[in-house]
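Report on one structure; see the data block that follows.
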Amino acid sequence: MENEEHEEWWMDGEREKVKQARNFFYAGFFLLPGLWFVNVFYFWPALAHPPIRPYVVWSAIGFIVYTLVLVSWALTFSVGGEHLFGSVWKHLAVYDIADTYDLIGS
């Protein structure tokens, strides 16, 4: 019964689903990795269908890579900070930029 429901979902507008998966995949390259996550989450049951499989698999890979890069960057700045970057840290830190250009308003 579950397989029949899955087939009904897939056969109802197959071309539109492939087009939607392709659009979500390409939109993820415009710094919108959340769309890759949505693409994987929504189309995961359709992995058995060859036309949609590459978009879902590459969306999953893209989301994982983007997430790893973002988390690595965040941890590098939050944990390493001045100890890791030395004197360059003063030029990289956002709060220093705000102080330099008097954006905070004293």
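We name chains A, B, ... following the order of the structure tokens; residues begin at 1 in each chain, and ligands are numbered from 1 as shown.
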
* Got a sec: who's within 12 Å of Phe41 (chain A), counting only C-alpha atoms, leaving out chain neighbours fewer than 3 positions off, as number ranges by chain? -> A: 21, 24, 34-38, 44-47, 56-57, 59-60, 63

* To do: Mind checking which residues fall within 10 Å of His49 (chain A), counting only C-alpha atoms, ignoring those fewer than 4 positions away in the same chain, and posting them as a list in words?
  =>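 Result of the neighbour search: Trp10, Glu14, Val18, Pro45, Arg53 and Pro54 of chain A.
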
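When only C-alpha atoms are used to compute distances to Lys19 (chain A), the closest of the residues A:Phe77, A:Tyr55, A:Phe85, A:Tyr42 turns out to be A:Tyr55.
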
* To do: Please provide as a list in words all residues within 10 Å of Trp58 (chain A), with the sequence filter that same-chain residues fewer than 6 positions apart are discarded (counting only C-alpha atoms).
  =>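 Using only C-alpha atoms, the neighbours found are Phe25, Trp36, Asn39, Val40 and Ile64 of chain A.
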
Could those residues be written to a file, using N, CA, C and O atoms, as an mmCIF file, in the first residue's frame?
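Output file result_17.cif is given in full below:
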```cif
data_model
loop_
_atom_site.group_PDB
_atom_site.id
_atom_site.type_symbol
_atom_site.label_atom_id
_atom_site.label_comp_id
_atom_site.auth_asym_id
_atom_site.auth_seq_id
_atom_site.Cartn_x
_atom_site.Cartn_y
_atom_site.Cartn_z
ATOM 1 N N PHE A 25 17.854 22.892 -7.018
ATOM 2 C CA PHE A 25 19.275 22.557 -7.064
ATOM 3 C C PHE A 25 20.096 23.756 -7.531
ATOM 4 O O PHE A 25 21.074 24.131 -6.899
ATOM 5 N N TRP A 36 18.733 23.535 -0.899
ATOM 6 C CA TRP A 36 19.246 22.178 -1.100
ATOM 7 C C TRP A 36 18.670 21.246 -0.042
ATOM 8 O O TRP A 36 18.304 20.115 -0.343
ATOM 9 N N ASN A 39 15.127 20.536 -0.945
ATOM 10 C CA ASN A 39 15.117 19.643 -2.094
ATOM 11 C C ASN A 39 15.328 18.190 -1.659
ATOM 12 O O ASN A 39 14.610 17.290 -2.094
ATOM 13 N N VAL A 40 16.300 17.976 -0.799
ATOM 14 C CA VAL A 40 16.584 16.625 -0.322
ATOM 15 C C VAL A 40 15.431 16.110 0.525
ATOM 16 O O VAL A 40 14.977 14.976 0.364
ATOM 17 N N ILE A 64 25.711 19.417 2.632
ATOM 18 C CA ILE A 64 26.678 18.928 3.617
ATOM 19 C C ILE A 64 27.985 19.714 3.523
ATOM 20 O O ILE A 64 28.540 20.148 4.537
#
```

* Secondary structure check, helix (DSSP H, G or I) residues of chain A, as a VMD selection string -> chain A and resid 2 to 11 14 to 27 33 to 46 53 to 92 94 to 100
